[in-house]
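Chemist: Take a look at target.cif, mmCIF, C-alpha atoms:
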data_coords
#
loop_
_atom_site.label_atom_id
_atom_site.label_comp_id
_atom_site.auth_asym_id
_atom_site.auth_seq_id
_atom_site.Cartn_x
_atom_site.Cartn_y
_atom_site.Cartn_z
CA MET Z 508 61.63 58.66 -35.84
CA SER Z 509 59.93 61.84 -34.69
CA GLY Z 510 62.09 64.91 -34.23
CA ASN Z 511 59.58 66.88 -32.19
CA ARG Z 512 60.58 65.88 -28.67
CA THR Z 513 61.49 68.84 -26.51
CA ARG Z 514 64.99 68.63 -25.13
CA VAL Z 515 65.36 69.62 -21.53
CA GLY Z 516 68.38 70.40 -19.44
CA PRO Z 517 70.68 73.33 -18.73
CA GLN Z 518 70.78 74.51 -22.36
CA SER Z 519 67.01 74.65 -22.86
CA SER Z 520 64.83 77.62 -22.03
CA ARG Z 521 64.39 78.18 -18.31
CA ARG Z 522 60.79 77.27 -17.60
CA ALA Z 523 59.03 75.54 -14.76
CA SER Z 524 58.36 71.92 -15.66
CA GLY Z 525 55.61 69.68 -14.37
CA PRO Z 526 55.71 66.03 -13.39
CA LEU Z 527 57.27 63.44 -15.67
CA ASP Z 528 54.60 62.04 -18.04
CA VAL Z 529 55.82 58.47 -18.39
CA ASP Z 530 52.84 57.16 -20.39
CA ALA Z 531 53.16 59.93 -22.98
CA LEU Z 532 56.83 59.01 -23.38
CA LEU Z 533 56.10 55.29 -23.74
CA ASP Z 534 53.18 55.80 -26.15
CA ASP Z 535 55.09 58.18 -28.43
CA PRO Z 536 56.09 56.20 -31.56
CA GLY Z 537 59.01 58.61 -31.89
CA THR Z 538 60.54 57.16 -28.73
CA GLY Z 539 62.81 54.36 -29.93
CA ILE Z 540 65.34 54.14 -27.09
CA ILE Z 541 65.00 54.84 -23.37
CA VAL Z 542 68.23 54.89 -21.36
CA CYS Z 543 67.89 54.60 -17.57
CA CYS Z 544 70.98 56.03 -15.95
CA GLY Z 545 72.21 57.11 -12.54
CA SER Z 546 74.73 56.13 -9.90
CA GLY Z 547 74.81 52.62 -8.48
CA GLY Z 548 72.15 51.34 -6.10
CA VAL Z 549 69.35 53.76 -6.99
CA GLY Z 550 67.01 51.25 -8.68
CA LYS Z 551 67.91 51.65 -12.37
CA THR Z 552 67.30 47.97 -13.10
CA THR Z 553 63.84 47.92 -11.55
CA THR Z 554 62.95 51.21 -13.25
CA ALA Z 555 64.09 49.94 -16.65
CA ALA Z 556 62.19 46.66 -16.27
CA ALA Z 557 59.02 48.41 -15.09
CA LEU Z 558 59.14 50.88 -18.00
CA ALA Z 559 59.71 48.05 -20.49
CA LEU Z 560 56.82 45.99 -19.10
CA ARG Z 561 54.44 48.96 -19.07
CA ALA Z 562 55.39 49.89 -22.64
CA ALA Z 563 54.84 46.31 -23.84
CA GLU Z 564 51.43 46.11 -22.17
CA ARG Z 565 50.50 49.40 -23.84
CA GLY Z 566 51.25 47.96 -27.30
CA ARG Z 567 54.99 48.44 -27.94
CA LYS Z 568 57.39 45.74 -29.17
CA VAL Z 569 60.07 46.07 -26.50
CA VAL Z 570 63.45 44.61 -25.61
CA VAL Z 571 65.09 45.50 -22.30
CA LEU Z 572 68.87 45.24 -22.02
CA THR Z 573 70.18 45.01 -18.47
CA ILE Z 574 73.70 45.10 -17.12
CA ASP Z 575 72.95 43.76 -13.66
CA PRO Z 576 75.36 41.39 -11.96
CA ALA Z 577 72.78 40.45 -9.30
CA ARG Z 578 70.44 39.12 -12.03
CA ARG Z 579 67.38 40.45 -10.24
CA LEU Z 580 65.73 41.29 -13.55
CA ALA Z 581 65.66 37.63 -14.58
CA GLN Z 582 64.02 36.74 -11.28
CA SER Z 583 61.45 39.54 -11.55
CA MET Z 584 60.51 38.51 -15.08
CA GLY Z 585 60.30 34.81 -14.38
CA ILE Z 586 63.26 33.92 -16.60
CA ALA Z 587 65.66 31.35 -15.19
CA MET Z 588 68.66 32.79 -17.00
CA LEU Z 589 69.35 35.91 -19.05
CA ASP Z 590 72.21 36.11 -21.51
CA ASN Z 591 73.28 37.95 -24.65
CA THR Z 592 70.26 36.64 -26.59
CA PRO Z 593 66.83 38.33 -26.19
CA ARG Z 594 64.35 35.93 -24.56
CA PRO Z 595 60.55 36.37 -24.40
CA VAL Z 596 59.03 37.26 -21.04
CA VAL Z 597 56.07 35.02 -20.22
CA GLY Z 598 53.02 36.51 -18.52
CA VAL Z 599 52.98 39.86 -20.31
CA ASP Z 600 49.45 41.07 -21.16
CA ASP Z 601 49.51 41.22 -24.97
CA ALA Z 602 45.93 42.45 -25.43
CA ALA Z 603 47.22 45.73 -26.87
CA GLY Z 604 49.47 43.90 -29.36
CA GLY Z 605 52.78 44.42 -27.60
CA ARG Z 606 55.46 42.01 -26.46
CA LEU Z 607 58.53 42.02 -24.26
CA ASP Z 608 61.94 40.38 -24.59
CA ALA Z 609 64.73 40.64 -22.04
CA MET Z 610 68.48 40.12 -22.22
CA MET Z 611 71.55 40.64 -20.08
CA LEU Z 612 74.83 42.00 -21.35
CA ASP Z 613 77.59 39.39 -21.46
CA MET Z 614 80.60 41.69 -21.65
CA LYS Z 615 83.16 39.17 -22.86
CA ARG Z 616 80.80 37.50 -25.33
CA THR Z 617 79.96 40.87 -26.85
CA PHE Z 618 83.67 41.64 -27.16
CA ASP Z 619 84.20 38.22 -28.76
CA GLU Z 620 81.40 38.93 -31.26
CA VAL Z 621 83.18 42.11 -32.31
CA VAL Z 622 86.39 40.17 -32.92
CA LEU Z 623 84.63 37.41 -34.85
CA SER Z 624 82.83 39.95 -37.05
CA GLN Z 625 86.00 41.92 -37.86
CA ALA Z 626 88.64 39.23 -38.33
CA SER Z 627 89.23 36.11 -40.39
CA PRO Z 628 88.59 32.83 -38.52
CA GLU Z 629 92.32 32.23 -38.10
CA LYS Z 630 93.01 35.74 -36.89
CA ALA Z 631 90.01 35.69 -34.57
CA GLU Z 632 91.14 32.42 -32.99
CA GLN Z 633 94.58 33.88 -32.38
CA ILE Z 634 93.15 37.00 -30.74
CA LEU Z 635 90.59 35.18 -28.57
CA ALA Z 636 93.32 32.95 -27.13
CA ASN Z 637 95.67 35.83 -26.37
CA PRO Z 638 96.01 36.34 -22.58
CA PHE Z 639 96.10 40.13 -22.94
CA TYR Z 640 92.85 40.08 -24.89
CA VAL Z 641 91.27 37.86 -22.20
CA ALA Z 642 92.26 40.40 -19.56
CA LEU Z 643 91.04 43.39 -21.58
CA SER Z 644 87.70 41.80 -22.47
CA SER Z 645 87.03 40.64 -18.91
CA SER Z 646 88.26 43.27 -16.52
CA PHE Z 647 89.61 46.43 -18.17
CA ALA Z 648 88.09 49.57 -16.59
CA GLY Z 649 85.38 50.89 -18.87
CA THR Z 650 84.99 47.71 -20.95
CA GLN Z 651 81.54 46.96 -19.52
CA GLU Z 652 80.25 50.44 -20.28
CA TYR Z 653 81.78 50.35 -23.77
CA MET Z 654 80.27 46.95 -24.52
CA ALA Z 655 76.88 48.17 -23.30
CA MET Z 656 77.01 50.86 -25.98
CA GLU Z 657 78.29 48.30 -28.51
CA LYS Z 658 75.37 45.97 -27.76
CA LEU Z 659 72.89 48.85 -27.94
CA GLY Z 660 74.21 49.69 -31.40
CA GLN Z 661 73.88 46.05 -32.50
CA ILE Z 662 70.29 45.72 -31.21
CA HIS Z 663 69.24 48.99 -32.81
CA ALA Z 664 70.76 48.06 -36.18
CA ASP Z 665 69.06 44.64 -36.11
CA ALA Z 666 65.72 46.20 -35.13
CA GLN Z 667 65.99 48.70 -37.97
CA ARG Z 668 66.62 45.92 -40.48
CA SER Z 669 64.07 43.38 -39.27
CA GLY Z 670 61.47 45.46 -37.42
CA THR Z 671 61.64 43.14 -34.40
CA TYR Z 672 61.42 45.98 -31.86
CA ASP Z 673 60.15 49.52 -31.83
CA LEU Z 674 61.47 50.33 -28.35
CA ILE Z 675 64.78 49.48 -26.65
CA VAL Z 676 65.09 50.08 -22.91
CA VAL Z 677 68.64 50.15 -21.57
CA ASP Z 678 69.69 49.67 -17.95
CA THR Z 679 73.15 51.21 -17.74
CA PRO Z 680 76.02 49.53 -15.83
CA PRO Z 681 76.13 49.80 -12.02
CA SER Z 682 79.07 52.21 -12.07
CA ARG Z 683 80.31 54.30 -9.19
CA SER Z 684 79.57 57.34 -11.29
CA ALA Z 685 76.66 57.76 -13.69
CA LEU Z 686 79.02 59.55 -16.07
CA ASP Z 687 81.07 56.38 -16.66
CA PHE Z 688 78.55 55.21 -19.27
CA LEU Z 689 79.21 58.26 -21.44
CA ASP Z 690 82.96 58.45 -20.77
CA ALA Z 691 83.88 54.77 -21.31
CA PRO Z 692 84.17 54.85 -25.13
CA GLU Z 693 86.59 57.77 -24.96
CA ARG Z 694 88.64 56.05 -22.22
CA LEU Z 695 88.93 52.84 -24.22
CA SER Z 696 89.75 54.74 -27.41
CA SER Z 697 92.41 56.72 -25.55
CA PHE Z 698 93.93 53.46 -24.32
CA LEU Z 699 94.04 52.06 -27.85
CA ASP Z 700 95.59 55.29 -29.14
CA GLY Z 701 98.04 55.68 -26.25
CA ARG Z 702 101.80 56.18 -26.52
CA PHE Z 703 102.68 52.69 -25.29
CA ILE Z 704 100.38 51.10 -27.88
CA ARG Z 705 101.91 53.22 -30.66
CA LEU Z 706 105.39 52.34 -29.44
CA MET Z 707 104.63 48.63 -29.49
CA LEU Z 708 103.20 48.95 -33.00
CA ALA Z 709 106.12 50.93 -34.41
CA PRO Z 710 108.18 47.90 -35.63
CA ALA Z 711 105.16 46.30 -37.28
CA ARG Z 712 103.95 49.49 -38.96
CA GLY Z 713 107.14 51.04 -40.24
CA PRO Z 714 110.31 50.08 -42.08
CA ALA Z 715 113.22 48.38 -40.44
CA LYS Z 716 114.86 51.70 -39.53
CA LEU Z 717 112.19 52.19 -36.88
CA MET Z 718 113.87 49.41 -34.92
CA THR Z 719 116.19 51.92 -33.37
CA ALA Z 720 118.66 51.36 -30.58
CA GLY Z 721 116.26 53.12 -28.22
CA PHE Z 722 113.43 50.73 -29.00
CA SER Z 723 115.78 47.76 -28.64
CA ILE Z 724 116.72 48.99 -25.17
CA ILE Z 725 113.03 49.21 -24.24
CA THR Z 726 112.18 45.74 -25.57
CA ASN Z 727 115.23 44.22 -23.86
CA ALA Z 728 114.15 45.79 -20.58
CA LEU Z 729 110.59 44.54 -21.02
CA THR Z 730 111.86 41.06 -21.86
CA LYS Z 731 113.79 40.96 -18.59
CA ILE Z 732 110.73 42.14 -16.63
CA LEU Z 733 107.97 40.24 -18.41
CA GLY Z 734 109.76 37.39 -20.11
CA GLY Z 735 110.10 36.73 -23.83
CA GLN Z 736 106.81 34.88 -24.27
CA VAL Z 737 104.82 37.53 -22.42
CA LEU Z 738 106.36 40.27 -24.55
CA ARG Z 739 105.56 38.34 -27.75
CA ASP Z 740 101.97 37.87 -26.54
CA LEU Z 741 101.74 41.59 -25.87
CA GLN Z 742 103.14 42.53 -29.28
CA THR Z 743 100.78 40.08 -30.99
CA PHE Z 744 97.84 41.52 -29.08
CA VAL Z 745 98.77 45.12 -29.90
CA ALA Z 746 99.16 44.26 -33.59
CA ALA Z 747 95.71 42.65 -33.51
CA LEU Z 748 94.29 45.78 -31.93
CA ASP Z 749 95.67 47.82 -34.80
CA THR Z 750 94.34 45.58 -37.55
CA VAL Z 751 91.06 44.32 -36.11
CA PHE Z 752 89.86 46.94 -33.65
CA GLY Z 753 90.44 49.94 -35.87
CA GLY Z 754 86.69 50.36 -36.14
CA PHE Z 755 86.17 50.72 -32.39
CA ARG Z 756 86.25 54.50 -32.39
CA ALA Z 757 84.00 54.72 -35.46
CA ARG Z 758 81.42 52.41 -33.89
CA ALA Z 759 81.58 54.27 -30.61
CA GLN Z 760 80.99 57.57 -32.40
CA LYS Z 761 78.04 56.08 -34.29
CA THR Z 762 76.41 54.85 -31.07
CA TYR Z 763 77.17 58.17 -29.41
CA ALA Z 764 75.31 59.91 -32.25
CA LEU Z 765 72.43 57.48 -31.71
CA LEU Z 766 72.28 58.57 -28.06
CA GLN Z 767 72.01 62.18 -29.26
CA ALA Z 768 69.18 61.42 -31.70
CA ASP Z 769 65.61 62.60 -31.12
CA GLU Z 770 64.40 59.00 -30.86
CA THR Z 771 66.42 58.54 -27.65
CA ALA Z 772 65.20 59.60 -24.21
CA PHE Z 773 67.35 59.58 -21.07
CA ILE Z 774 65.71 59.03 -17.70
CA VAL Z 775 67.99 59.84 -14.78
CA VAL Z 776 67.22 57.72 -11.71
CA ALA Z 777 68.22 58.89 -8.24
CA ALA Z 778 67.54 58.08 -4.61
CA PRO Z 779 66.21 60.86 -2.34
CA GLU Z 780 69.67 61.37 -0.84
CA PRO Z 781 72.08 64.31 -1.23
CA ASP Z 782 74.87 62.32 -2.93
CA ALA Z 783 72.52 60.58 -5.40
CA LEU Z 784 70.76 63.82 -6.34
CA ARG Z 785 74.11 65.59 -6.67
CA GLU Z 786 75.23 62.84 -9.05
CA ALA Z 787 71.94 63.18 -10.94
CA ALA Z 788 72.52 66.93 -11.27
CA TYR Z 789 75.99 66.30 -12.74
CA PHE Z 790 74.50 63.84 -15.22
CA VAL Z 791 71.70 66.25 -16.23
CA GLU Z 792 74.28 68.95 -16.88
CA ARG Z 793 76.48 66.56 -18.87
CA LEU Z 794 73.54 65.48 -21.02
CA GLY Z 795 72.83 69.13 -21.75
CA GLU Z 796 76.45 69.79 -22.68
CA ASP Z 797 76.49 66.78 -25.03
CA GLN Z 798 73.12 67.67 -26.58
CA MET Z 799 71.49 64.43 -25.47
CA PRO Z 800 67.70 64.36 -25.00
CA LEU Z 801 66.66 64.19 -21.36
CA ALA Z 802 63.12 63.03 -20.62
CA GLY Z 803 63.27 63.67 -16.89
CA LEU Z 804 64.29 62.59 -13.41
CA VAL Z 805 62.87 59.72 -11.37
CA VAL Z 806 63.37 59.97 -7.62
CA ASN Z 807 63.10 56.35 -6.54
CA ARG Z 808 62.29 54.82 -3.13
CA ALA Z 809 60.96 58.05 -1.65
CA SER Z 810 59.53 57.89 1.86
CA PRO Z 811 55.72 57.53 1.66
CA GLU Z 812 53.66 60.41 3.02
CA PRO Z 813 52.22 59.63 6.49
CA ARG Z 814 48.45 59.20 6.45
CA SER Z 815 47.89 62.08 8.84
CA ASP Z 816 47.92 65.87 8.79
CA LEU Z 817 49.74 65.95 12.12
CA SER Z 818 53.06 67.75 11.70
CA GLY Z 819 56.33 66.39 13.03
CA ASP Z 820 56.62 69.14 15.64
CA GLU Z 821 53.05 68.56 16.84
CA ALA Z 822 53.69 64.83 17.12
CA MET Z 823 56.91 65.34 19.11
CA ALA Z 824 55.19 67.79 21.47
CA ALA Z 825 52.31 65.36 22.07
CA ALA Z 826 54.75 62.49 22.60
CA ALA Z 827 56.67 64.54 25.17
CA ARG Z 828 53.48 65.25 27.13
CA LEU Z 829 52.50 61.58 27.11
CA ARG Z 830 55.99 60.46 28.16
CA ALA Z 831 55.85 62.85 31.09
CA GLU Z 832 52.64 61.20 32.28
CA ASP Z 833 53.61 57.62 31.35
CA PRO Z 834 57.24 56.84 30.42
CA ALA Z 835 56.15 53.50 28.89
CA SER Z 836 53.39 55.04 26.73
CA LEU Z 837 52.96 53.09 23.47
CA THR Z 838 51.09 56.03 21.93
CA ALA Z 839 54.04 58.30 22.64
CA GLY Z 840 56.31 55.86 20.81
CA LEU Z 841 53.99 55.81 17.80
CA LEU Z 842 53.89 59.61 17.78
CA ARG Z 843 57.70 59.73 17.75
CA LEU Z 844 57.77 57.29 14.80
CA HIS Z 845 55.26 59.51 12.99
CA ALA Z 846 57.41 62.57 13.69
CA ASP Z 847 60.52 60.81 12.36
CA ARG Z 848 58.66 59.80 9.18
CA GLN Z 849 57.25 63.29 8.72
CA ARG Z 850 60.66 64.88 9.09
CA MET Z 851 62.17 62.39 6.62
CA VAL Z 852 59.45 63.26 4.07
CA GLU Z 853 60.10 66.97 4.63
CA ARG Z 854 63.86 66.46 4.24
CA GLU Z 855 63.41 64.59 0.95
CA ALA Z 856 60.98 67.23 -0.31
CA MET Z 857 63.59 69.89 0.47
CA LEU Z 858 66.23 67.96 -1.49
CA ARG Z 859 63.90 67.64 -4.48
CA ALA Z 860 63.03 71.33 -4.25
CA ARG Z 861 66.73 72.18 -4.26
CA PHE Z 862 67.23 70.07 -7.39
CA ALA Z 863 64.18 71.68 -9.04
CA ALA Z 864 65.46 75.16 -8.25
CA ALA Z 865 68.75 74.38 -10.01
CA HIS Z 866 67.03 72.54 -12.90
CA PRO Z 867 63.49 73.94 -13.19
CA ASP Z 868 63.06 72.59 -16.73
CA VAL Z 869 63.55 68.91 -15.80
CA PRO Z 870 60.26 66.96 -15.33
CA THR Z 871 60.36 64.85 -12.19
CA GLY Z 872 58.56 61.70 -11.10
CA VAL Z 873 58.58 60.42 -7.53
CA VAL Z 874 58.22 56.70 -6.78
CA PRO Z 875 57.52 55.87 -3.12
CA ALA Z 876 59.35 52.99 -1.50
CA LEU Z 877 57.44 49.71 -1.53
CA ALA Z 878 57.02 47.48 1.50
CA GLY Z 879 59.10 44.67 -0.01
CA ASP Z 880 61.42 43.83 -2.89
CA VAL Z 881 60.11 43.62 -6.44
CA HIS Z 882 60.40 39.96 -7.46
CA ASP Z 883 57.69 39.33 -10.07
CA LEU Z 884 55.70 40.93 -12.89
CA ASP Z 885 52.99 42.17 -10.53
CA GLY Z 886 55.64 44.07 -8.59
CA LEU Z 887 57.00 45.57 -11.81
CA ARG Z 888 53.47 46.56 -12.85
CA ARG Z 889 53.02 48.34 -9.55
CA VAL Z 890 56.29 50.22 -10.04
CA GLY Z 891 55.16 51.13 -13.56
CA GLU Z 892 51.88 52.51 -12.19
CA LEU Z 893 53.79 54.59 -9.65
CA LEU Z 894 56.14 55.85 -12.35
CA ALA Z 895 53.08 56.94 -14.33
CA GLY Z 896 51.73 58.78 -11.29
CA GLY Z 897 49.29 56.11 -10.17
#
Mind turning the file's structure into structure tokens?

Modeler:
Amino acid sequence: MSGNRTRVGPQSSRRASGPLDVDALLDDPGTGIIVCCGSGGVGKTTTAAALALRAAERGRKVVVLTIDPARRLAQSMGIAMLDNTPRPVVGVDDAAGGRLDAMMLDMKRTFDEVVLSQASPEKAEQILANPFYVALSSSFAGTQEYMAMEKLGQIHADAQRSGTYDLIVVDTPPSRSALDFLDAPERLSSFLDGRFIRLMLAPARGPAKLMTAGFSIITNALTKILGGQVLRDLQTFVAALDTVFGGFRARAQKTYALLQADETAFIVVAAPEPDALREAAYFVERLGEDQMPLAGLVVNRASPEPRSDLSGDEAMAAAARLRAEDPASLTAGLLRLHADRQRMVEREAMLRARFAAAHPDVPTGVVPALAGDVHDLDGLRRVGELLAGG
């Protein structure tokens, strides 16, 4: 992949940056991975799908990986059900030679695939049936983010071997914080390396002398609290973690390095609201600290500019005069609506200007809010056009 992409962010040279050039990013053969990230509810899924569709219709072989519990991507792309297997999207214009597949992360199935690939059939069956493994693979904090990175690594490795895709677009999990996607591997690794895990492994790893009186007291106490069978399940699970999941940290580090590679481009998605842009600023700074390539910021669902040069203050003044003459004036009401819209646009512009002042080297694209929800390919095409400045 090309190593010429300019990295932007806090550690790059301080220069004023223009608008985000989405088409140049999509057309660059050196772009192999695009990661759409941001806090929850800012439109990451729609942005990822629109970018993937636009790239495919411009000639790229694309797969989009979404982690979207609402399954809106499947609906938008006309696919009845998305799962862990890439499925072709019907209706994509392939005149330029591109194609588009879509898939949805199945967190537990991805975890199961890791177990099956690392253990013997007998060992894998034992682990998959363990109640502690079921809990970890289904609901442990950070598992979804970790498995998203695991699946990205799998797709990339397969694409490198078979040439099936030349672009992977990733929709990151709908976390409370955008930083969860980058922090999850370390959290899960810390859990696996924690003191309690090491304590539970001590009898299995070491000689009999490790079964000290102190450890016997602990296990007796746990047996009273949890019950003998639960404690045995826990010890079996922890031993399996040690023998089977030893490669977790190594795989996480490999995928982390992939995210730092020149072929990867991060697009931070935010809503035109103070909290969302503050979260975006944190993420931009974190990407700079971790030397990850940032392509730019997308401010999604911005208020459309009113089709008039009349300022908000002028509209309010005119409305006040009309109300004084006719309290039921419909024109006065319309002028007040115009003033509210104008002030909202000005407020959002001020928020974007504040972000740009703090991060002048981050290219920014603004996507105005659409009249309705995006529910088909035509809607995604329209979003793609707006992302490209159309």

Chemist: For a test of reading the model, state the distance in Å between CA of Glu796 (chain Z) and CA of Asp534 (chain Z), rounded to one decimal.

Modeler: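 Taking CA of Glu796 (chain Z) as the start and CA of Asp534 (chain Z) as the end point, the length is 27.4 Å.
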
Chemist: Just checking: using only C-alpha atoms, which residue out of Z:Arg616, Z:Arg808, Z:Arg848, Z:Arg843 ends up closest to Val881 (chain Z)?

Modeler: Z:Arg808

Chemist: Apply the PyMOL selection byres ((chain Z and resi 880) around 12) to the displayed file and report the matching residues as a PDB file with C-alpha atoms, in the frame of the given file.

Modeler:
ATOM      1  CA  GLY Z 550      67.010  51.250  -8.680  1.00  0.00           C
ATOM      2  CA  THR Z 553      63.840  47.920 -11.550  1.00  0.00           C
ATOM      3  CA  ARG Z 579      67.380  40.450 -10.240  1.00  0.00           C
ATOM      4  CA  LEU Z 580      65.730  41.290 -13.550  1.00  0.00           C
ATOM      5  CA  GLN Z 582      64.020  36.740 -11.280  1.00  0.00           C
ATOM      6  CA  SER Z 583      61.450  39.540 -11.550  1.00  0.00           C
ATOM      7  CA  ARG Z 808      62.290  54.820  -3.130  1.00  0.00           C
ATOM      8  CA  ALA Z 876      59.350  52.990  -1.500  1.00  0.00           C
ATOM      9  CA  LEU Z 877      57.440  49.710  -1.530  1.00  0.00           C
ATOM     10  CA  ALA Z 878      57.020  47.480   1.500  1.00  0.00           C
ATOM     11  CA  GLY Z 879      59.100  44.670  -0.010  1.00  0.00           C
ATOM     12  CA  VAL Z 881      60.110  43.620  -6.440  1.00  0.00           C
ATOM     13  CA  HIS Z 882      60.400  39.960  -7.460  1.00  0.00           C
ATOM     14  CA  ASP Z 883      57.690  39.330 -10.070  1.00  0.00           C
ATOM     15  CA  LEU Z 884      55.700  40.930 -12.890  1.00  0.00           C
ATOM     16  CA  ASP Z 885      52.990  42.170 -10.530  1.00  0.00           C
ATOM     17  CA  GLY Z 886      55.640  44.070  -8.590  1.00  0.00           C
ATOM     18  CA  LEU Z 887      57.000  45.570 -11.810  1.00  0.00           C
ATOM     19  CA  ARG Z 889      53.020  48.340  -9.550  1.00  0.00           C
ATOM     20  CA  VAL Z 890      56.290  50.220 -10.040  1.00  0.00           C
TER      21      VAL Z 890
END

Chemist: Could you spell out the hits of the PyMOL selection byres ((chain Z and resi 529) around 9) on the shown file, as a list of chain:residue names?

Modeler: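 After applying the PyMOL selection byres ((chain Z and resi 529) around 9), what remains is Z:Leu527, Z:Asp528, Z:Asp530, Z:Ala531, Z:Leu532, Z:Leu533, Z:Asp534, Z:Leu558, Z:Ala802, Z:Gly872, Z:Gly891, Z:Leu894, Z:Ala895, Z:Gly896.
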
Chemist: Using Å and a single decimal, report how far CA of Tyr640 (chain Z) sits from CA of Ser627 (chain Z).

Modeler: 16.4 Å

Chemist: Considering all atoms listed in the file, can you say which of Z:Cys544, Z:Pro595, Z:Leu689, Z:Pro526 comes closest to Val873 (chain Z)?

Modeler: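 Going through Z:Cys544, Z:Pro595, Z:Leu689, Z:Pro526 one by one, the smallest distance to Val873 (chain Z) is for Z:Pro526.
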
Chemist: Measuring between all atoms listed in the file, which one of Z:Ala846, Z:Val852, Z:Ala666, Z:Val676 shows the shortest distance to Thr538 (chain Z)?

Modeler: Z:Val676

Chemist: Which residue gives the smallest distance to Met614 (chain Z) among Z:Ala602, Z:Ala777, Z:Ala556, Z:Ile574, with all atoms listed in the file counted?

Modeler: Z:Ile574
